[in-house]
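Participant: Structure supplied as model.cif; contents: mmCIF, C-alpha atoms.
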```
data_start
loop_
_atom_site.label_atom_id
_atom_site.label_comp_id
_atom_site.auth_asym_id
_atom_site.auth_seq_id
_atom_site.Cartn_x
_atom_site.Cartn_y
_atom_site.Cartn_z
CA MET A 11 -40.87 -4.57 -7.75
CA GLU A 12 -38.46 -7.50 -8.21
CA THR A 13 -38.84 -7.31 -11.98
CA LYS A 14 -38.09 -3.58 -12.04
CA THR A 15 -35.12 -4.02 -9.72
CA GLN A 16 -33.75 -6.75 -11.95
CA ALA A 17 -34.29 -4.57 -15.02
CA LEU A 18 -32.41 -1.71 -13.32
CA LYS A 19 -29.50 -4.06 -12.58
CA GLU A 20 -29.45 -5.28 -16.17
CA TYR A 21 -29.48 -1.73 -17.56
CA ALA A 22 -26.67 -0.78 -15.18
CA GLY A 23 -24.71 -3.79 -16.39
CA GLN A 24 -25.21 -2.86 -20.05
CA LEU A 25 -23.99 0.66 -19.30
CA ARG A 26 -21.04 -0.77 -17.33
CA LEU A 27 -22.21 0.88 -14.13
CA SER A 28 -20.97 -1.93 -11.92
CA GLY A 29 -21.15 0.13 -8.73
CA ILE A 30 -24.88 0.66 -9.16
CA GLN A 31 -25.38 -2.90 -10.38
CA ASP A 32 -23.72 -4.39 -7.29
CA GLN A 33 -25.52 -2.24 -4.72
CA VAL A 34 -28.89 -1.39 -6.26
CA GLU A 35 -30.92 -3.52 -3.81
CA GLU A 36 -29.27 -1.88 -0.79
CA LEU A 37 -29.73 1.59 -2.29
CA ILE A 38 -33.43 0.96 -2.96
CA ARG A 39 -33.92 -0.42 0.56
CA LYS A 40 -32.18 2.55 2.16
CA ALA A 41 -34.11 5.05 0.01
CA SER A 42 -37.40 3.40 0.97
CA GLU A 43 -36.59 3.43 4.70
CA GLU A 44 -35.47 7.06 4.64
CA LYS A 45 -38.24 8.12 2.24
CA CYS A 46 -35.74 9.82 -0.06
CA SER A 47 -36.85 12.15 -2.81
CA TYR A 48 -36.30 11.16 -6.44
CA LEU A 49 -33.43 13.66 -6.58
CA ASP A 50 -31.71 12.23 -3.50
CA PHE A 51 -32.08 8.68 -4.79
CA SER A 52 -30.63 9.65 -8.17
CA LEU A 53 -27.69 11.33 -6.43
CA SER A 54 -27.06 8.25 -4.29
CA LEU A 55 -26.95 6.05 -7.41
CA LEU A 56 -24.37 8.27 -9.12
CA GLU A 57 -22.37 8.78 -5.93
CA THR A 58 -22.15 5.02 -5.43
CA GLU A 59 -20.88 4.53 -8.97
CA ILE A 60 -18.31 7.33 -8.68
CA ASN A 61 -17.03 6.04 -5.33
CA GLN A 62 -16.57 2.51 -6.65
CA ARG A 63 -14.78 3.75 -9.77
CA ASN A 64 -12.46 5.88 -7.65
CA GLN A 65 -11.75 2.89 -5.42
CA ARG A 66 -10.99 0.63 -8.38
CA ASP A 67 -8.75 3.32 -9.86
CA LEU A 68 -6.85 3.63 -6.56
CA GLU A 69 -6.44 -0.14 -6.39
CA ARG A 70 -5.11 -0.23 -9.96
CA ARG A 71 -2.63 2.60 -9.36
CA THR A 72 -1.56 1.13 -6.02
CA LYS A 73 -0.80 -2.17 -7.74
CA ALA A 74 1.24 -0.36 -10.41
CA ALA A 75 3.10 1.55 -7.68
CA LYS A 76 4.49 -1.77 -6.31
CA LEU A 77 4.38 -0.67 -2.70
CA PRO A 78 5.87 -2.85 0.04
CA ILE A 79 3.49 -4.54 2.49
CA ASN A 80 3.87 -1.84 5.15
CA HIS A 81 2.80 1.36 3.41
CA ASP A 82 -0.02 2.83 5.50
CA LEU A 83 1.21 5.67 7.70
CA GLY A 84 -2.10 5.53 9.52
CA GLN A 85 -0.54 2.54 11.31
CA TYR A 86 2.80 4.24 11.94
CA ASP A 87 4.22 3.67 15.43
CA TYR A 88 4.86 7.18 16.76
CA ALA A 89 6.20 5.70 20.00
CA PHE A 90 9.29 4.69 18.01
CA ILE A 91 11.75 7.60 18.27
CA ASN A 92 13.81 8.05 15.11
CA GLY A 93 14.17 11.81 14.73
CA ILE A 94 10.97 12.72 12.89
CA SER A 95 8.03 14.12 14.86
CA LYS A 96 4.35 13.39 14.32
CA GLN A 97 3.84 17.01 13.27
CA GLN A 98 6.61 16.83 10.67
CA LEU A 99 5.32 13.55 9.26
CA ASN A 100 1.76 14.85 9.08
CA GLN A 101 2.99 17.91 7.22
CA LEU A 102 4.73 15.70 4.68
CA ARG A 103 1.57 13.60 4.36
CA GLU A 104 -0.37 16.62 3.17
CA CYS A 105 1.67 16.33 -0.07
CA GLN A 106 1.68 20.07 -0.73
CA TRP A 107 5.37 19.80 -1.60
CA LEU A 108 4.38 17.78 -4.67
CA GLU A 109 2.77 20.85 -6.20
CA GLN A 110 6.17 22.58 -6.12
CA ASN A 111 8.13 19.51 -7.30
CA PHE A 112 9.99 19.38 -3.99
CA ASN A 113 12.03 16.31 -3.10
CA VAL A 114 12.39 14.47 0.20
CA VAL A 115 15.57 12.65 1.23
CA LEU A 116 15.26 10.23 4.15
CA MET A 117 18.78 9.58 5.43
CA GLY A 118 19.90 7.27 8.20
CA PRO A 119 20.94 3.72 9.19
CA SER A 120 18.97 0.58 8.37
CA GLY A 121 15.85 -0.37 10.29
CA ILE A 122 14.68 3.07 11.46
CA GLY A 123 11.63 3.44 9.24
CA LYS A 124 12.93 5.09 6.07
CA THR A 125 11.25 2.64 3.70
CA MET A 126 7.89 2.68 5.50
CA ILE A 127 7.79 6.48 5.58
CA ALA A 128 8.72 6.66 1.89
CA ALA A 129 6.14 4.03 0.93
CA GLY A 130 3.53 5.75 3.09
CA LEU A 131 4.12 9.10 1.39
CA CYS A 132 3.78 7.33 -1.96
CA PHE A 133 0.46 5.81 -0.86
CA ASP A 134 -0.79 9.18 0.39
CA ALA A 135 0.09 10.71 -2.98
CA LEU A 136 -1.82 7.94 -4.77
CA LYS A 137 -4.90 8.62 -2.63
CA LYS A 138 -4.71 12.28 -3.62
CA GLY A 139 -4.73 11.35 -7.31
CA TYR A 140 -1.04 11.64 -8.18
CA LYS A 141 0.85 9.20 -10.40
CA ALA A 142 3.24 7.75 -7.87
CA TYR A 143 5.59 4.77 -8.00
CA PHE A 144 7.83 2.97 -5.51
CA ARG A 145 10.99 1.32 -6.83
CA THR A 146 14.16 0.09 -5.20
CA MET A 147 17.44 1.33 -6.63
CA GLU A 148 18.06 -2.22 -7.88
CA GLN A 149 14.71 -2.34 -9.73
CA LEU A 150 15.27 1.07 -11.29
CA ASN A 151 18.80 0.20 -12.36
CA GLU A 152 17.57 -3.01 -14.01
CA THR A 153 14.93 -1.02 -15.93
CA LEU A 154 17.52 1.46 -17.16
CA ILE A 155 19.80 -1.39 -18.30
CA MET A 156 17.06 -3.38 -20.04
CA LYS A 157 14.94 -0.60 -21.59
CA ASP A 158 16.74 -0.86 -24.93
CA ILE A 159 16.57 -4.67 -24.89
CA THR A 160 13.08 -5.72 -23.75
CA ARG A 161 9.67 -4.24 -24.47
CA SER A 162 8.48 -4.69 -20.87
CA ALA A 163 11.42 -2.66 -19.53
CA LEU A 164 10.77 0.09 -22.09
CA ILE A 165 7.10 0.24 -21.05
CA GLU A 166 8.16 0.48 -17.40
CA TYR A 167 10.71 3.19 -18.23
CA ASN A 168 8.17 5.30 -20.14
CA LYS A 169 5.67 4.88 -17.30
CA LEU A 170 8.16 6.16 -14.74
CA LEU A 171 8.94 9.17 -16.94
CA LYS A 172 5.30 10.27 -16.53
CA ALA A 173 5.36 10.06 -12.73
CA ASN A 174 4.37 12.90 -10.45
CA LEU A 175 6.28 11.18 -7.65
CA LEU A 176 8.95 8.50 -7.74
CA VAL A 177 10.24 6.86 -4.59
CA ILE A 178 13.74 5.41 -4.93
CA ASP A 179 14.46 3.12 -2.00
CA ASP A 180 18.02 2.35 -0.89
CA ILE A 181 19.70 4.68 -3.35
CA MET A 182 23.46 4.10 -3.58
CA MET A 183 23.17 0.84 -1.68
CA PHE A 184 25.60 -0.64 -4.19
CA ALA A 185 28.20 0.76 -6.57
CA LEU A 186 27.27 1.58 -10.17
CA GLU A 187 29.43 1.09 -13.21
CA LYS A 188 30.18 4.20 -15.27
CA LYS A 189 27.55 3.41 -17.94
CA GLN A 190 24.93 2.70 -15.29
CA ALA A 191 25.79 5.93 -13.45
CA VAL A 192 25.36 7.93 -16.66
CA GLN A 193 22.00 6.28 -17.38
CA PHE A 194 20.83 6.98 -13.84
CA PHE A 195 21.90 10.61 -14.03
CA ASN A 196 20.14 11.09 -17.38
CA PHE A 197 16.95 9.60 -15.93
CA ILE A 198 17.03 11.88 -12.87
CA ASN A 199 17.89 14.85 -15.06
CA HIS A 200 14.90 14.16 -17.32
CA LEU A 201 12.49 14.17 -14.38
CA HIS A 202 14.21 17.07 -12.61
CA GLU A 203 11.64 19.81 -11.77
CA LYS A 204 8.93 17.83 -13.62
CA ALA A 205 8.33 15.39 -10.78
CA SER A 206 9.17 14.89 -7.12
CA PHE A 207 11.47 12.26 -5.64
CA VAL A 208 11.46 10.59 -2.26
CA VAL A 209 14.86 9.02 -1.73
CA THR A 210 15.94 6.74 1.09
CA THR A 211 19.65 6.21 1.72
CA ASN A 212 22.09 5.14 4.41
CA LYS A 213 24.97 6.79 2.59
CA SER A 214 26.23 10.34 3.06
CA PRO A 215 26.67 12.60 0.00
CA GLN A 216 30.42 12.03 0.26
CA GLU A 217 29.88 8.29 -0.04
CA TRP A 218 27.80 8.78 -3.22
CA VAL A 219 31.01 9.77 -5.00
CA LYS A 220 32.54 6.44 -4.03
CA MET A 221 29.46 4.47 -5.12
CA LEU A 222 29.44 6.19 -8.53
CA ASP A 223 33.21 6.34 -8.88
CA ASP A 224 32.77 9.72 -10.56
CA GLU A 225 32.81 13.00 -8.62
CA VAL A 226 31.35 15.00 -11.53
CA ILE A 227 28.30 12.75 -11.95
CA ALA A 228 27.80 12.47 -8.17
CA THR A 229 27.92 16.26 -7.77
CA ALA A 230 25.52 16.84 -10.68
CA LEU A 231 23.15 14.19 -9.34
CA LEU A 232 23.14 15.63 -5.82
CA ASP A 233 22.69 19.12 -7.25
CA ARG A 234 19.42 18.10 -8.91
CA ILE A 235 18.04 16.06 -6.03
CA LEU A 236 18.95 18.59 -3.31
CA TYR A 237 17.99 21.78 -5.21
CA HIS A 238 14.40 21.87 -3.90
CA CYS A 239 14.58 19.35 -1.12
CA GLU A 240 13.80 18.54 2.49
CA VAL A 241 16.53 16.36 4.01
CA VAL A 242 15.21 14.34 6.97
CA ARG A 243 18.02 12.83 9.03
CA LEU A 244 16.78 9.82 10.95
CA SER A 245 18.63 8.08 13.75
CA GLY A 246 18.20 5.53 16.49
CA LYS A 247 18.23 1.77 16.89
CA SER A 248 16.65 -0.60 14.39
CA TYR A 249 12.87 -0.95 14.86
CA ARG A 250 13.02 -4.50 13.53
CA LEU A 251 15.68 -5.54 16.03
CA GLN A 252 13.83 -3.92 18.92
CA ASN A 253 10.58 -5.62 17.93
CA ARG A 254 11.87 -8.87 16.49
CA LYS A 255 9.70 -11.97 16.71
CA THR A 256 10.73 -15.55 17.37
CA ILE A 257 9.06 -18.86 16.54
CA PHE A 258 8.82 -19.80 20.24
#
```
Show the structure stored in the file as structure tokens.

Facilitator:
Amino acid sequence: METKTQALKEYAGQLRLSGIQDQVEELIRKASEEKCSYLDFSLSLLETEINQRNQRDLERRTKAAKLPINHDLGQYDYAFINGISKQQLNQLRECQWLEQNFNVVLMGPSGIGKTMIAAGLCFDALKKGYKAYFRTMEQLNETLIMKDITRSALIEYNKLLKANLLVIDDIMMFALEKKQAVQFFNFINHLHEKASFVVTTNKSPQEWVKMLDDEVIATALLDRILYHCEVVRLSGKSYRLQNRKTIF
């Protein structure tokens, strides 16, 4: 029995079936206890392999997404009142809006959960098989500046162009120079109606004009983001300040 089990593990290794290779002893033990048929045992082997591959794929895509630490909406504190209900958030988490290339704008002051909600929606999209990425406005701007200079930035840029969902955190947090504003508009325009955006901002549309120093670009940018879009206006006091921790 031991020899055959070892042989099965070795064959699984040669075929790069690491899920089966890692769990074959447990699968054999369980099949023996439950007196599984040959068909059921075969299905359990393949199911184990598929599940592990899916898990590894999710881990790889989650790493590429560059999510912040707090990105699991399963741990969201619904006792914190910020203007979005549990029903509304659950509806967004279903990700049906991604099929229609809808956008979501989370607008409101700092500390009320915009980033966590955005990151959580990105994580939910990843779990449903979408190509989803989380980038701050600063990270995205750096990529757009450097894409014609460094290979790594160009690879990042081309990766983002293939996204199903792109989260842009803290959009318009800082002013953009004219060249940067044009690059950003061209990027958004390229993905327009090909992908969905989740945008977090503490600036009103009127303030975007000031940040871009160009009313035409600001208007065109807002036109594309808000065309198919759900604007969620959040409010309230900062969660971090209400739940701050001390060293004592």

Participant: Quick check on the file I pasted: which residues fall under the PyMOL selection byres ((chain A and resi 244) around 10)? Write them as a list in words.

Facilitator: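 When the PyMOL selection byres ((chain A and resi 244) around 10) is applied, the selected residues are Ile91, Asn92, Gly93, Ile94, Leu116, Met117, Gly118, Pro119, Ser120, Ile122, Gly123, Lys124, Asn212, Val241, Val242, Arg243, Ser245 and Gly246 of chain A.
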
Participant: Tell me, counting all atoms listed in the file, for each residue of region 188-232 of chain A within 9 Å of region 134-151 of chain A, which pair of atoms is nearest and how far apart they are in Å to one decimal, in rows ordered by chain and increasing number, as a tab-separated table.

Facilitator:
```
residue	atom	partner	partner_atom	distance
A:Gln190	CA	A:Asn151	CA	7.2
A:Gln193	CA	A:Asn151	CA	8.5
A:Phe194	CA	A:Asn151	CA	7.2
```

Participant: Export C-alpha atoms of the chosen residues as a short mmCIF file (atom, residue, chain, number, x, y, z; two decimals), in the frame of the given file?

Facilitator:
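Generated file (out05.cif):
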```cif
data_model
loop_
_atom_site.label_atom_id
_atom_site.label_comp_id
_atom_site.auth_asym_id
_atom_site.auth_seq_id
_atom_site.Cartn_x
_atom_site.Cartn_y
_atom_site.Cartn_z
CA GLN A 190 24.93 2.70 -15.29
CA GLN A 193 22.00 6.28 -17.38
CA PHE A 194 20.83 6.98 -13.84
#
```

Participant: For the structure shown, which residues end up in the PyMOL selection byres ((chain A and resi 176) around 9)? Put them as a ChimeraX atom specification, please?

Facilitator: /A:132,141-145,170,173-175,177-178,205-209

Participant: Given the choices A:Ile30, A:Ile198, A:Leu83, A:Leu108, which gets closest to Arg63 (chain A) if the distance is worked out from only C-alpha atoms?

Facilitator: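 Nearest to Arg63 (chain A): A:Ile30.
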
Participant: Could you check the closest approach to Glu20 (chain A) for each of A:Leu102, A:Val34, A:Ala185, A:Leu222 and tell me which residue wins, using all atoms listed in the file?

Facilitator: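 Using all atoms listed in the file, the shortest distance to Glu20 (chain A) belongs to A:Val34.
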
Participant: Which residues, named as in the file, does the PyMOL selection byres ((chain A and resi 167) around 10) pick out? Answer as a list in words.

Facilitator: Leu150, Thr153, Leu154, Met156, Lys157, Asp158, Arg161, Ser162, Ala163, Leu164, Ile165, Glu166, Asn168, Lys169, Leu170, Leu171, Lys172 and Phe197 of chain A

Participant: Hey, can you check how far CA of Phe51 (chain A) sits from CA of Asp67 (chain A)?

Facilitator: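 Interatomic distance here is 24.5 Å.
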
Participant: Using only C-alpha atoms, which of the listed residues (A:Ile60, A:Glu35, A:Leu131, A:Ala41) sits closest to Ala17 (chain A)?

Facilitator: A:Glu35

Participant: Just give me the gap between CA of Asp82 (chain A) and CA of Glu240 (chain A) in Å, one decimal is fine.

Facilitator: 21.1 Å

Participant: Nearest to Gln85 (chain A) among A:Arg70, A:Ile127, A:Tyr237, A:Thr58, with distances taken over all atoms listed in the file: which residue is it?

Facilitator: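 Under the stated criterion, the closest residue is A:Ile127.
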
Participant: Find the distance between CA of Ala129 (chain A) and CA of Lys189 (chain A) and write it in Å to one decimal.

Facilitator: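 Between CA of Ala129 (chain A) and CA of Lys189 (chain A) the gap works out to 28.5 Å.
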
Participant: Choose the residue, out of A:Ser52, A:Arg26, A:Ile38, A:Lys96, that has the smallest atom-to-atom separation from Lys14 (chain A); count all atoms listed in the file.

Facilitator: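 Between A:Ser52, A:Arg26, A:Ile38, A:Lys96, the residue approaching Lys14 (chain A) most closely is A:Ile38.
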
Participant: Fewer than 3 positions away in the same chain doesn't count, so skip those; otherwise give me all residues within 12 Å of Leu18 (chain A), counting all atoms listed in the file, as number ranges by chain.

Facilitator: A: 11-15, 21-25, 27-28, 30-35, 37-38, 55

Participant: Need the neighbours of (22.5, 6.1, 1.4): which residues are at most 7 Å away, counting all atoms listed in the file, as a list in words?

Facilitator: Met117, Asp180, Ile181, Met182, Met183, Thr210, Thr211, Asn212, Lys213 and Ser214 of chain A

Participant: Looking at A:Val114, A:Leu77, A:Leu186, A:Leu231, which one is nearest to Gly130 (chain A), with distances taken over only C-alpha atoms?

Facilitator: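 Smallest distance to Gly130 (chain A) is found for A:Leu77.
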
Participant: Return the padded bounding box of region 72-82 of chain A as JSON: axis-aligned, built from all atoms listed in the file, 3 Å added on each side, with centre and edge lengths in Å to one decimal.

Facilitator:
```
{"center_x": 2.2, "center_y": -0.9, "center_z": -2.5, "size_x": 13.4, "size_y": 13.4, "size_z": 21.9}
```
